[in-house]
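The file start-v9.cif comes next; it holds mmCIF, C-alpha atoms (C1' of nucleotides).
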```cif
data_upload
loop_
_atom_site.label_atom_id
_atom_site.label_comp_id
_atom_site.auth_asym_id
_atom_site.auth_seq_id
_atom_site.Cartn_x
_atom_site.Cartn_y
_atom_site.Cartn_z
CA MET N 1 55.47 115.01 106.95
CA HIS N 2 57.67 114.63 103.99
CA GLU N 3 57.11 115.66 100.43
CA ARG N 4 58.03 113.10 97.85
CA THR N 5 58.35 115.52 94.98
CA ARG N 6 61.98 114.54 94.75
CA ALA N 7 63.22 111.02 94.40
CA GLU N 8 65.61 110.15 97.18
CA TRP N 9 67.51 107.70 95.05
CA ARG N 10 68.46 108.00 91.47
CA ALA N 11 68.31 104.84 89.42
CA THR N 12 71.62 104.38 87.72
CA ARG N 13 73.23 101.56 85.83
CA GLN N 14 75.99 101.33 88.43
CA ARG N 15 73.74 101.05 91.44
CA ALA N 16 71.68 98.40 89.75
CA ALA N 17 74.85 96.47 89.02
CA VAL N 18 76.10 96.69 92.59
CA LEU N 19 72.76 95.52 93.92
CA ARG N 20 72.65 92.69 91.45
CA ALA N 21 76.16 91.55 92.29
CA LEU N 22 75.46 91.80 95.99
CA HIS N 23 72.40 89.63 95.75
CA ALA N 24 74.19 87.15 93.53
CA CYS N 25 76.57 86.45 96.40
CA ASP N 26 75.61 83.86 98.91
CA THR N 27 78.07 84.97 101.53
CA PHE N 28 79.43 88.17 102.97
CA VAL N 29 81.56 90.11 100.51
CA SER N 30 83.90 93.02 100.75
CA ALA N 31 83.51 96.15 98.66
CA GLN N 32 86.66 95.29 96.78
CA ALA N 33 85.59 91.73 96.02
CA LEU N 34 82.33 93.10 94.72
CA HIS N 35 84.14 95.55 92.53
CA ALA N 36 86.42 92.83 91.22
CA ALA N 37 83.45 90.60 90.44
CA LEU N 38 81.73 93.38 88.54
CA THR N 39 84.85 94.15 86.58
CA ALA N 40 85.31 90.48 85.79
CA ASP N 41 81.77 90.45 84.44
CA GLY N 42 82.66 93.28 82.12
CA VAL N 43 80.63 95.82 84.07
CA THR N 44 82.38 99.14 84.37
CA VAL N 45 81.87 100.61 87.83
CA GLY N 46 84.26 102.73 89.81
CA LEU N 47 85.50 101.45 93.12
CA THR N 48 84.43 104.71 94.70
CA THR N 49 80.90 104.14 93.50
CA VAL N 50 80.83 100.66 94.97
CA TYR N 51 81.88 102.05 98.33
CA ARG N 52 79.35 104.84 98.13
CA THR N 53 76.53 102.54 97.20
CA LEU N 54 77.34 100.13 100.00
CA ARG N 55 77.41 102.96 102.47
CA LEU N 56 74.01 104.10 101.32
CA LEU N 57 72.68 100.60 101.65
CA GLU N 58 74.18 100.37 105.08
CA ALA N 59 72.73 103.67 106.19
CA SER N 60 69.29 102.73 104.94
CA GLY N 61 69.44 99.37 106.64
CA HIS N 62 69.38 97.28 103.50
CA VAL N 63 72.55 95.40 104.26
CA ASP N 64 74.15 93.86 107.29
CA VAL N 65 77.77 94.62 107.91
CA VAL N 66 80.39 92.70 109.81
CA ARG N 67 84.07 93.22 110.16
CA ASP N 68 86.52 90.46 109.46
CA SER N 69 89.64 90.02 111.51
CA ASP N 70 91.55 92.46 109.34
CA GLY N 71 89.04 95.20 109.96
CA GLU N 72 87.64 94.93 106.48
CA ARG N 73 83.94 95.55 106.09
CA LEU N 74 81.89 92.68 104.72
CA TYR N 75 78.40 93.22 103.37
CA ARG N 76 75.37 91.05 102.86
CA PRO N 77 71.84 91.96 101.87
CA ARG N 78 69.61 91.92 104.90
CA PRO N 79 66.98 89.23 104.69
CA ASP N 80 63.49 90.48 105.47
CA ASP N 81 62.65 87.84 108.00
CA GLY N 82 64.37 89.72 110.75
CA HIS N 83 67.35 87.47 111.23
CA ARG N 84 70.40 89.51 111.79
CA HIS N 85 73.12 87.29 113.17
CA TYR N 86 75.23 84.82 111.31
CA VAL N 87 77.70 82.02 111.72
CA VAL N 88 80.41 82.32 109.13
CA CYS N 89 82.74 79.50 108.19
CA ARG N 90 86.35 80.57 108.44
CA GLU N 91 87.38 78.21 105.67
CA CYS N 92 84.83 78.60 102.91
CA GLY N 93 82.83 81.65 103.91
CA LEU N 94 79.57 79.77 104.15
CA SER N 95 77.26 81.82 106.34
CA LEU N 96 74.10 80.74 108.07
CA ALA N 97 71.58 82.93 109.76
CA VAL N 98 70.92 81.86 113.31
CA ASP N 99 68.03 82.46 115.61
CA SER N 100 69.11 85.06 118.07
CA GLU N 101 66.10 85.70 120.26
CA GLU N 102 67.93 84.48 123.29
CA VAL N 103 70.71 86.96 122.74
CA GLU N 104 68.29 89.79 122.14
CA ARG N 105 66.62 89.01 125.44
CA TRP N 106 69.94 88.73 127.19
CA VAL N 107 71.03 92.10 125.86
CA ALA N 108 67.81 93.72 126.93
CA ARG N 109 68.15 92.35 130.44
CA ILE N 110 71.78 93.39 130.75
CA ALA N 111 70.88 96.88 129.65
CA ARG N 112 68.19 97.11 132.29
CA ASP N 113 70.35 95.64 135.04
CA ILE N 114 73.27 97.99 134.64
CA GLY N 115 71.30 101.08 133.77
CA PHE N 116 72.61 101.56 130.26
CA HIS N 117 70.46 103.04 127.55
CA ALA N 118 70.29 102.58 123.82
CA VAL N 119 72.34 99.42 124.04
CA ASP N 120 73.51 98.21 120.70
CA HIS N 121 74.93 94.76 120.23
CA THR N 122 77.28 93.14 117.77
CA VAL N 123 77.35 89.39 117.76
CA GLU N 124 79.61 87.64 115.33
CA LEU N 125 80.15 83.93 115.22
CA THR N 126 82.82 82.20 113.22
CA GLY N 127 83.67 78.54 113.05
CA VAL N 128 84.43 75.71 110.72
CA CYS N 129 81.46 74.23 108.95
CA ALA N 130 80.83 70.52 108.70
CA ARG N 131 82.09 70.32 105.13
CA CYS N 132 85.35 72.08 105.91
CA ARG N 133 85.95 70.20 109.11
CA PRO N 134 89.57 69.07 109.16
CA ALA N 135 89.92 65.30 108.74
CA SER N 136 91.72 64.78 112.03
CA GLY N 137 88.86 66.41 113.80
CA GLY N 138 90.94 67.39 116.75
CA ARG N 139 93.71 69.89 116.66
CA ARG N 140 91.82 73.11 116.43
CA ASP N 141 92.20 74.87 119.71
CA GLN N 142 94.04 78.06 119.05
CA TRP N 143 91.06 80.29 118.56
CA SER N 144 90.99 83.00 121.14
CA SER N 145 87.35 83.31 121.92
CA GLN N 146 87.04 86.93 122.76
CA MET U 1 108.69 68.19 126.07
CA HIS U 2 110.11 71.58 125.78
CA GLU U 3 113.38 72.82 127.05
CA ARG U 4 113.28 76.12 128.84
CA THR U 5 116.89 76.94 128.25
CA ARG U 6 115.75 79.97 126.32
CA ALA U 7 113.35 82.57 127.61
CA GLU U 8 110.40 83.12 125.31
CA TRP U 9 110.04 86.73 126.31
CA ARG U 10 112.75 89.17 126.92
CA ALA U 11 112.23 91.66 129.73
CA THR U 12 112.71 95.12 128.37
CA ARG U 13 112.08 98.56 129.71
CA GLN U 14 109.60 99.21 126.91
CA ARG U 15 107.47 96.17 127.47
CA ALA U 16 107.28 96.82 131.14
CA ALA U 17 106.16 100.36 130.40
CA VAL U 18 103.46 99.26 127.99
CA LEU U 19 102.15 96.71 130.46
CA ARG U 20 102.16 99.26 133.23
CA ALA U 21 100.32 101.84 131.13
CA LEU U 22 97.82 99.26 129.99
CA HIS U 23 97.00 98.23 133.52
CA ALA U 24 96.79 101.82 134.62
CA CYS U 25 93.87 102.31 132.26
CA ASP U 26 90.43 101.51 133.48
CA THR U 27 88.87 101.35 130.03
CA PHE U 28 89.70 100.05 126.61
CA VAL U 29 92.52 101.95 124.96
CA SER U 30 93.94 102.13 121.50
CA ALA U 31 97.57 101.53 120.72
CA GLN U 32 97.99 105.15 119.82
CA ALA U 33 96.38 106.44 122.99
CA LEU U 34 98.68 104.20 124.97
CA HIS U 35 101.68 105.52 123.12
CA ALA U 36 100.57 109.09 123.70
CA ALA U 37 100.11 108.42 127.41
CA LEU U 38 103.56 106.92 127.67
CA THR U 39 105.10 109.83 125.85
CA ALA U 40 103.25 112.27 128.07
CA ASP U 41 104.72 110.49 131.07
CA GLY U 42 108.16 111.05 129.68
CA VAL U 43 108.64 107.40 128.78
CA THR U 44 110.34 106.94 125.46
CA VAL U 45 108.79 104.07 123.56
CA GLY U 46 108.39 103.74 119.85
CA LEU U 47 104.91 103.44 118.43
CA THR U 48 106.02 100.34 116.60
CA THR U 49 106.98 98.72 119.85
CA VAL U 50 103.63 99.50 121.39
CA TYR U 51 101.90 97.83 118.47
CA ARG U 52 104.20 94.85 118.63
CA THR U 53 103.77 94.40 122.34
CA LEU U 54 100.01 94.59 122.09
CA ARG U 55 100.03 92.01 119.35
CA LEU U 56 102.07 89.68 121.49
CA LEU U 57 99.72 90.18 124.39
CA GLU U 58 96.81 89.53 122.11
CA ALA U 59 98.36 86.37 120.71
CA SER U 60 99.12 85.05 124.16
CA GLY U 61 95.64 85.81 125.38
CA HIS U 62 96.61 88.40 127.95
CA VAL U 63 94.39 91.12 126.57
CA ASP U 64 90.91 91.37 125.18
CA VAL U 65 90.47 93.23 121.95
CA VAL U 66 87.45 94.97 120.53
CA ARG U 67 87.06 97.12 117.51
CA ASP U 68 85.45 100.50 117.64
CA SER U 69 83.26 101.74 114.84
CA ASP U 70 86.23 103.11 112.94
CA GLY U 71 87.90 99.76 112.86
CA GLU U 72 90.45 100.80 115.44
CA ARG U 73 91.63 98.11 117.81
CA LEU U 74 91.04 98.74 121.51
CA TYR U 75 92.86 96.75 124.16
CA ARG U 76 92.24 95.89 127.76
CA PRO U 77 94.04 93.50 130.06
CA ARG U 78 92.06 90.31 130.43
CA PRO U 79 90.82 89.85 133.97
CA ASP U 80 91.51 86.43 135.39
CA ASP U 81 88.03 85.78 136.61
CA GLY U 82 86.91 84.60 133.22
CA HIS U 83 84.74 87.53 132.27
CA ARG U 84 85.29 88.33 128.68
CA HIS U 85 82.46 90.54 127.51
CA TYR U 86 81.88 94.18 128.17
CA VAL U 87 79.39 96.95 127.83
CA VAL U 88 81.12 100.11 126.77
CA CYS U 89 79.61 103.56 127.12
CA ARG U 90 79.66 105.42 123.84
CA GLU U 91 79.96 108.75 125.60
CA CYS U 92 82.57 108.34 128.29
CA GLY U 93 84.17 104.98 127.54
CA LEU U 94 83.15 103.47 130.86
CA SER U 95 83.24 99.72 130.44
CA LEU U 96 81.66 97.09 132.63
CA ALA U 97 82.25 93.39 132.49
CA VAL U 98 79.01 91.49 132.17
CA ASP U 99 78.12 87.95 132.97
CA SER U 100 77.95 86.08 129.73
CA GLU U 101 77.16 82.53 130.66
CA GLU U 102 73.93 82.66 128.79
CA VAL U 103 75.65 83.69 125.62
CA GLU U 104 78.32 81.07 126.02
CA ARG U 105 75.64 78.45 126.34
CA TRP U 106 73.76 79.84 123.38
CA VAL U 107 76.88 79.75 121.25
CA ALA U 108 77.65 76.20 122.24
CA ARG U 109 74.15 75.09 121.36
CA ILE U 110 74.16 76.88 118.02
CA ALA U 111 77.46 75.25 117.18
CA ARG U 112 76.08 71.84 117.95
CA ASP U 113 72.85 72.41 116.08
CA ILE U 114 74.39 73.50 112.82
CA GLY U 115 77.40 71.23 112.88
CA PHE U 116 80.04 73.92 113.10
CA HIS U 117 83.26 73.33 114.95
CA ALA U 118 85.63 75.57 116.83
CA VAL U 119 83.03 78.29 116.99
CA ASP U 120 84.43 81.56 118.16
CA HIS U 121 82.22 84.40 119.24
CA THR U 122 82.56 88.12 119.40
CA VAL U 123 79.99 89.94 121.46
CA GLU U 124 80.26 93.66 121.79
CA LEU U 125 77.79 95.81 123.60
CA THR U 126 77.73 99.56 123.50
CA GLY U 127 75.28 101.93 125.06
CA VAL U 128 74.98 105.07 127.09
CA CYS U 129 75.66 104.69 130.77
CA ALA U 130 73.44 106.10 133.47
CA ARG U 131 75.77 109.03 134.13
CA CYS U 132 75.94 110.06 130.50
CA ARG U 133 72.30 109.59 129.87
CA PRO U 134 71.00 112.62 128.02
CA ALA U 135 68.76 114.80 130.16
CA SER U 136 65.81 114.61 127.83
CA GLY U 137 65.91 110.88 128.08
CA GLY U 138 64.15 110.36 124.84
CA ARG U 139 65.67 111.28 121.54
CA ARG U 140 68.07 108.42 121.08
CA ASP U 141 66.71 106.18 118.41
CA GLN U 142 69.17 106.23 115.59
CA TRP U 143 71.28 103.30 116.65
CA SER U 144 71.17 100.55 114.14
CA SER U 145 71.29 97.46 116.22
CA GLN U 146 73.05 95.02 113.99
"C1'" DC F 1 63.71 119.93 76.12
"C1'" DA F 2 66.14 122.75 79.70
"C1'" DG F 3 68.10 123.20 84.06
"C1'" DC F 4 70.05 121.47 87.88
"C1'" DA F 5 70.92 118.73 91.63
"C1'" DT F 6 72.68 114.24 92.19
"C1'" DA F 7 75.86 110.57 90.83
"C1'" DA F 8 79.99 108.71 88.73
"C1'" DG F 9 84.87 108.34 88.21
"C1'" DA F 10 89.81 109.22 88.65
"C1'" DC F 11 92.99 110.32 91.87
"C1'" DA F 12 94.80 112.09 96.07
"C1'" DA F 13 94.57 112.02 100.86
"C1'" DC F 14 93.97 109.75 105.25
"C1'" DG F 15 94.61 106.88 109.27
"C1'" DG F 16 95.65 102.86 111.50
"C1'" DT F 17 98.66 99.10 111.26
"C1'" DT F 18 102.62 96.40 109.61
"C1'" DT F 19 107.21 95.82 107.33
"C1'" DT F 20 111.85 96.88 106.63
"C1'" DC F 21 116.30 97.32 108.08
"C1'" DA F 22 120.00 99.11 110.60
"C1'" DT F 23 121.17 99.42 115.46
"C1'" DT F 24 120.84 98.24 120.23
"C1'" DT F 25 120.37 95.15 124.10
"C1'" DG F 26 118.87 91.18 127.14
"C1'" DC F 27 120.50 86.90 128.42
"C1'" DG F 28 122.52 82.35 128.38
"C1'" DG F 29 126.96 80.21 127.90
"C1'" DT F 30 131.72 80.12 129.02
"C1'" DA A 1 132.64 89.38 134.16
"C1'" DC A 2 132.52 89.14 129.38
"C1'" DC A 3 131.09 87.38 124.52
"C1'" DG A 4 128.13 86.59 121.08
"C1'" DC A 5 123.96 86.16 119.08
"C1'" DA A 6 119.26 86.07 118.58
"C1'" DA A 7 115.64 88.91 119.84
"C1'" DA A 8 113.93 93.61 120.43
"C1'" DT A 9 113.84 98.44 119.31
"C1'" DG A 10 112.85 102.58 116.50
"C1'" DA A 11 112.36 105.62 112.50
"C1'" DA A 12 110.65 105.75 108.23
"C1'" DA A 13 108.44 103.75 104.46
"C1'" DA A 14 105.10 100.63 102.76
"C1'" DC A 15 100.42 98.90 102.96
"C1'" DC A 16 95.61 98.74 102.50
"C1'" DG A 17 90.97 99.70 103.03
"C1'" DT A 18 88.35 103.62 102.96
"C1'" DT A 19 86.95 108.45 102.31
"C1'" DG A 20 87.37 113.20 100.34
"C1'" DT A 21 87.92 116.27 96.33
"C1'" DC A 22 86.74 117.92 92.18
"C1'" DT A 23 85.43 117.65 87.47
"C1'" DT A 24 82.42 115.58 84.22
"C1'" DA A 25 78.32 113.03 83.09
"C1'" DT A 26 73.47 111.94 83.62
"C1'" DG A 27 68.80 111.08 85.66
"C1'" DC A 28 64.77 113.55 86.89
"C1'" DT A 29 61.38 117.13 87.27
"C1'" DG A 30 59.13 121.02 85.40
#
```
As a first step, turn the structure in this file into structure tokens.
Amino acid sequence: MHERTRAEWRATRQRAAVLRALHACDTFVSAQALHAALTADGVTVGLTTVYRTLRLLEASGHVDVVRDSDGERLYRPRPDDGHRHYVVCRECGLSLAVDSEEVERWVARIARDIGFHAVDHTVELTGVCARCRPASGGRRDQWSSQ
Amino acid sequence: MHERTRAEWRATRQRAAVLRALHACDTFVSAQALHAALTADGVTVGLTTVYRTLRLLEASGHVDVVRDSDGERLYRPRPDDGHRHYVVCRECGLSLAVDSEEVERWVARIARDIGFHAVDHTVELTGVCARCRPASGGRRDQWSSQ
DNA sequence: CAGCATAAGACAACGGTTTTCATTTGCGGT
DNA sequence: ACCGCAAATGAAAACCGTTGTCTTATGCTG
């Protein structure tokens, strides 16, 4: 179907660096944070290149993307075990993959029930992890659960 | 507890207009679209005011907010029956409220299981509604379901 | 090693949203 | 009814993340 006489991806120092930095992170990171981290490590990579690389990774399905409340894009390498939803701690950024089969099933049923096709779903969970839990343990009720 | 000698919200022509326009919409709308609609109706309201009003409504929980793929904020008055999740048609913008009890339960359980507190959830569904369904019915497989 | 398409990088442009600040205007007090 | 002030408005500028442009550099294939 598809001749492979031409490599679809050129191996460059910069892309390697972005990939390395991305995998070194244990939470979601923004393009800018990634760029800052690289710069701090003495690696010279243009911000534009970081953005471009992340977009490529996104398009090819190698990273998961969420949006934080400011509309900023946050990236994380996609694990190969199929998990694709996370709970992210609002305080420290700790993110855990969660089992989402139930949601997948729910989405599929909804789609069928209302006659929609090609239904795509975004599920983002944020909270406060056990470690960051405020001492008082009580006064945390302002979160508009949308 | 709280003296009401001072009104917390001043009634202005502009706010009334924004509220009216918002309720006149039957789908999610952006701040800019709302402003354009108002202007088209001959109502003079500054774009800044539209943004400000929407933010107030958001903060006070009177509207639901979603983000489209460009990061734009889309607003819709929150119905009082408790429904808070929607399926939005990518083609025509038609949006239907869906029953989300299952997801609410799922979220609550996840939160308990992993020890997170104050877990907030964002669930956004997009698809193609029956009316907009492409005639061929088949070639729609590029949607990265994240 | 040559040729060339792809990638990098600096910088400008873009678009949505928020801030600033001077001016106007509800609204409670008198 | 009128005053006075804090709150609200509006135009323009600032912001900020992201994307486009264009020139230069560099992998890769032949």
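Shortest separation to chain N among F:DC27, F:DC14, F:DA5, F:DA22 occurs at residue F:DA5, atoms counted being all atoms listed in the file.
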Chain N fitted onto chain U, all C-alpha pairs in order, as a JSON list (two decimals) with C-alpha atoms, keeping the file's coordinate frame:
```
[["chain", "number", "residue", "atom", "x", "y", "z"],
["N", 1, "MET", "CA", 107.89, 68.66, 126.18],
["N", 2, "HIS", "CA", 109.52, 71.99, 126.01],
["N", 3, "GLU", "CA", 112.90, 73.08, 127.21],
["N", 4, "ARG", "CA", 112.98, 76.33, 129.08],
["N", 5, "THR", "CA", 116.65, 77.00, 128.57],
["N", 6, "ARG", "CA", 115.67, 80.09, 126.66],
["N", 7, "ALA", "CA", 113.42, 82.79, 127.99],
["N", 8, "GLU", "CA", 110.47, 83.33, 125.71],
["N", 9, "TRP", "CA", 110.16, 86.96, 126.64],
["N", 10, "ARG", "CA", 112.86, 89.44, 127.21],
["N", 11, "ALA", "CA", 112.30, 91.94, 129.97],
["N", 12, "THR", "CA", 112.79, 95.38, 128.57],
["N", 13, "ARG", "CA", 112.09, 98.85, 129.83],
["N", 14, "GLN", "CA", 109.65, 99.44, 126.99],
["N", 15, "ARG", "CA", 107.55, 96.36, 127.55],
["N", 16, "ALA", "CA", 107.33, 97.10, 131.23],
["N", 17, "ALA", "CA", 106.15, 100.60, 130.41],
["N", 18, "VAL", "CA", 103.50, 99.40, 127.98],
["N", 19, "LEU", "CA", 102.20, 96.90, 130.51],
["N", 20, "ARG", "CA", 102.16, 99.50, 133.22],
["N", 21, "ALA", "CA", 100.30, 102.01, 131.07],
["N", 22, "LEU", "CA", 97.84, 99.37, 129.96],
["N", 23, "HIS", "CA", 97.00, 98.40, 133.49],
["N", 24, "ALA", "CA", 96.75, 102.01, 134.55],
["N", 25, "CYS", "CA", 93.84, 102.41, 132.15],
["N", 26, "ASP", "CA", 90.41, 101.58, 133.35],
["N", 27, "THR", "CA", 88.88, 101.33, 129.93],
["N", 28, "PHE", "CA", 89.75, 99.99, 126.52],
["N", 29, "VAL", "CA", 92.55, 101.91, 124.85],
["N", 30, "SER", "CA", 93.98, 102.04, 121.39],
["N", 31, "ALA", "CA", 97.65, 101.46, 120.66],
["N", 32, "GLN", "CA", 98.03, 105.07, 119.68],
["N", 33, "ALA", "CA", 96.38, 106.41, 122.82],
["N", 34, "LEU", "CA", 98.69, 104.23, 124.84],
["N", 35, "HIS", "CA", 101.68, 105.54, 122.99],
["N", 36, "ALA", "CA", 100.53, 109.11, 123.48],
["N", 37, "ALA", "CA", 100.04, 108.52, 127.20],
["N", 38, "LEU", "CA", 103.51, 107.07, 127.54],
["N", 39, "THR", "CA", 105.04, 109.95, 125.65],
["N", 40, "ALA", "CA", 103.12, 112.42, 127.79],
["N", 41, "ASP", "CA", 104.59, 110.72, 130.85],
["N", 42, "GLY", "CA", 108.05, 111.29, 129.48],
["N", 43, "VAL", "CA", 108.57, 107.63, 128.65],
["N", 44, "THR", "CA", 110.31, 107.12, 125.35],
["N", 45, "VAL", "CA", 108.80, 104.18, 123.48],
["N", 46, "GLY", "CA", 108.42, 103.76, 119.77],
["N", 47, "LEU", "CA", 104.97, 103.40, 118.33],
["N", 48, "THR", "CA", 106.11, 100.27, 116.56],
["N", 49, "THR", "CA", 107.10, 98.75, 119.86],
["N", 50, "VAL", "CA", 103.72, 99.52, 121.37],
["N", 51, "TYR", "CA", 102.02, 97.75, 118.49],
["N", 52, "ARG", "CA", 104.37, 94.81, 118.72],
["N", 53, "THR", "CA", 103.92, 94.44, 122.43],
["N", 54, "LEU", "CA", 100.15, 94.59, 122.16],
["N", 55, "ARG", "CA", 100.19, 91.96, 119.48],
["N", 56, "LEU", "CA", 102.26, 89.70, 121.67],
["N", 57, "LEU", "CA", 99.88, 90.23, 124.53],
["N", 58, "GLU", "CA", 97.00, 89.49, 122.25],
["N", 59, "ALA", "CA", 98.57, 86.34, 120.91],
["N", 60, "SER", "CA", 99.34, 85.08, 124.39],
["N", 61, "GLY", "CA", 95.84, 85.82, 125.58],
["N", 62, "HIS", "CA", 96.78, 88.48, 128.08],
["N", 63, "VAL", "CA", 94.53, 91.13, 126.64],
["N", 64, "ASP", "CA", 91.06, 91.30, 125.22],
["N", 65, "VAL", "CA", 90.61, 93.11, 121.96],
["N", 66, "VAL", "CA", 87.58, 94.78, 120.49],
["N", 67, "ARG", "CA", 87.16, 96.90, 117.44],
["N", 68, "ASP", "CA", 85.51, 100.27, 117.60],
["N", 69, "SER", "CA", 83.28, 101.51, 114.84],
["N", 70, "ASP", "CA", 86.23, 102.89, 112.92],
["N", 71, "GLY", "CA", 87.94, 99.53, 112.84],
["N", 72, "GLU", "CA", 90.51, 100.59, 115.36],
["N", 73, "ARG", "CA", 91.72, 97.95, 117.77],
["N", 74, "LEU", "CA", 91.11, 98.62, 121.45],
["N", 75, "TYR", "CA", 92.94, 96.69, 124.13],
["N", 76, "ARG", "CA", 92.30, 95.89, 127.75],
["N", 77, "PRO", "CA", 94.11, 93.56, 130.10],
["N", 78, "ARG", "CA", 92.16, 90.37, 130.51],
["N", 79, "PRO", "CA", 90.90, 89.92, 134.03],
["N", 80, "ASP", "CA", 91.63, 86.49, 135.46],
["N", 81, "ASP", "CA", 88.13, 85.75, 136.60],
["N", 82, "GLY", "CA", 87.12, 84.55, 133.20],
["N", 83, "HIS", "CA", 84.86, 87.40, 132.22],
["N", 84, "ARG", "CA", 85.38, 88.26, 128.64],
["N", 85, "HIS", "CA", 82.52, 90.42, 127.47],
["N", 86, "TYR", "CA", 81.97, 94.06, 128.16],
["N", 87, "VAL", "CA", 79.47, 96.85, 127.89],
["N", 88, "VAL", "CA", 81.20, 100.01, 126.82],
["N", 89, "CYS", "CA", 79.71, 103.46, 127.20],
["N", 90, "ARG", "CA", 79.74, 105.33, 123.92],
["N", 91, "GLU", "CA", 80.07, 108.66, 125.66],
["N", 92, "CYS", "CA", 82.71, 108.23, 128.33],
["N", 93, "GLY", "CA", 84.27, 104.87, 127.56],
["N", 94, "LEU", "CA", 83.30, 103.36, 130.88],
["N", 95, "SER", "CA", 83.36, 99.60, 130.45],
["N", 96, "LEU", "CA", 81.81, 96.96, 132.63],
["N", 97, "ALA", "CA", 82.36, 93.26, 132.46],
["N", 98, "VAL", "CA", 79.13, 91.35, 132.16],
["N", 99, "ASP", "CA", 78.23, 87.81, 132.94],
["N", 100, "SER", "CA", 77.99, 85.99, 129.68],
["N", 101, "GLU", "CA", 77.21, 82.40, 130.57],
["N", 102, "GLU", "CA", 73.92, 82.58, 128.79],
["N", 103, "VAL", "CA", 75.59, 83.65, 125.59],
["N", 104, "GLU", "CA", 78.24, 80.98, 125.88],
["N", 105, "ARG", "CA", 75.52, 78.37, 126.22],
["N", 106, "TRP", "CA", 73.59, 79.84, 123.34],
["N", 107, "VAL", "CA", 76.65, 79.76, 121.12],
["N", 108, "ALA", "CA", 77.38, 76.18, 122.03],
["N", 109, "ARG", "CA", 73.84, 75.13, 121.20],
["N", 110, "ILE", "CA", 73.80, 76.99, 117.90],
["N", 111, "ALA", "CA", 77.05, 75.34, 116.93],
["N", 112, "ARG", "CA", 75.62, 71.92, 117.66],
["N", 113, "ASP", "CA", 72.33, 72.59, 115.90],
["N", 114, "ILE", "CA", 73.78, 73.74, 112.62],
["N", 115, "GLY", "CA", 76.74, 71.41, 112.54],
["N", 116, "PHE", "CA", 79.46, 74.02, 112.72],
["N", 117, "HIS", "CA", 82.73, 73.33, 114.45],
["N", 118, "ALA", "CA", 85.20, 75.47, 116.31],
["N", 119, "VAL", "CA", 82.66, 78.25, 116.62],
["N", 120, "ASP", "CA", 84.16, 81.46, 117.82],
["N", 121, "HIS", "CA", 82.02, 84.31, 119.03],
["N", 122, "THR", "CA", 82.44, 88.05, 119.28],
["N", 123, "VAL", "CA", 79.95, 89.85, 121.44],
["N", 124, "GLU", "CA", 80.27, 93.57, 121.82],
["N", 125, "LEU", "CA", 77.82, 95.74, 123.66],
["N", 126, "THR", "CA", 77.78, 99.49, 123.57],
["N", 127, "GLY", "CA", 75.37, 101.88, 125.18],
["N", 128, "VAL", "CA", 75.10, 105.01, 127.22],
["N", 129, "CYS", "CA", 75.83, 104.62, 130.89],
["N", 130, "ALA", "CA", 73.65, 106.05, 133.61],
["N", 131, "ARG", "CA", 75.97, 108.98, 134.24],
["N", 132, "CYS", "CA", 76.11, 109.99, 130.60],
["N", 133, "ARG", "CA", 72.43, 109.52, 130.01],
["N", 134, "PRO", "CA", 71.15, 112.53, 128.09],
["N", 135, "ALA", "CA", 68.91, 114.76, 130.22],
["N", 136, "SER", "CA", 65.90, 114.45, 127.95],
["N", 137, "GLY", "CA", 66.07, 110.73, 128.32],
["N", 138, "GLY", "CA", 64.26, 110.10, 125.11],
["N", 139, "ARG", "CA", 65.60, 110.90, 121.72],
["N", 140, "ARG", "CA", 68.16, 108.21, 121.26],
["N", 141, "ASP", "CA", 66.86, 105.85, 118.67],
["N", 142, "GLN", "CA", 69.20, 106.00, 115.76],
["N", 143, "TRP", "CA", 71.45, 103.16, 116.75],
["N", 144, "SER", "CA", 71.36, 100.43, 114.19],
["N", 145, "SER", "CA", 71.49, 97.34, 116.28],
["N", 146, "GLN", "CA", 73.31, 94.97, 114.05]]
```
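CA of Gly115 in chain U to CA of Val98 in chain U spans 28.0 Å [interatomic distance, one decimal].
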Residues matched by the PyMOL selection byres ((chain N) within 6 of (chain U)) as number ranges by chain: N: 71, 115-130, 145-146
Give me, as JSON lines, each residue of chain F that comes within 10 Å of chain N, together with its shortest interatomic pair and the distance in Å at one decimal, counting all atoms listed in the file, with rows ordered by chain and rising residue number.
```
{"residue": "F:DT6", "atom": "C1'", "partner": "N:Arg10", "partner_atom": "CA", "distance": 7.6}
{"residue": "F:DA7", "atom": "C1'", "partner": "N:Arg10", "partner_atom": "CA", "distance": 7.9}
{"residue": "F:DA8", "atom": "C1'", "partner": "N:Thr49", "partner_atom": "CA", "distance": 6.7}
{"residue": "F:DG9", "atom": "C1'", "partner": "N:Gly46", "partner_atom": "CA", "distance": 5.9}
{"residue": "F:DA10", "atom": "C1'", "partner": "N:Gly46", "partner_atom": "CA", "distance": 8.6}
{"residue": "F:DT17", "atom": "C1'", "partner": "N:Asp70", "partner_atom": "CA", "distance": 9.9}
```
Residues of chain A at most 12 Å from chain U: nearest atom pair and distance in Å, all atoms listed in the file, as a Markdown table:
```
| residue | atom | partner | partner_atom | distance |
| --- | --- | --- | --- | --- |
| A:DA6 | C1' | U:Arg6 | CA | 10.5 |
| A:DA7 | C1' | U:Arg10 | CA | 7.7 |
| A:DA8 | C1' | U:Arg10 | CA | 8.0 |
| A:DT9 | C1' | U:Thr49 | CA | 6.9 |
| A:DG10 | C1' | U:Gly46 | CA | 5.7 |
| A:DA11 | C1' | U:Gly46 | CA | 8.6 |
| A:DA12 | C1' | U:Thr48 | CA | 11.0 |
| A:DG17 | C1' | U:Gly71 | CA | 10.3 |
| A:DT18 | C1' | U:Asp70 | CA | 10.2 |
| A:DT19 | C1' | U:Asp70 | CA | 11.9 |
```
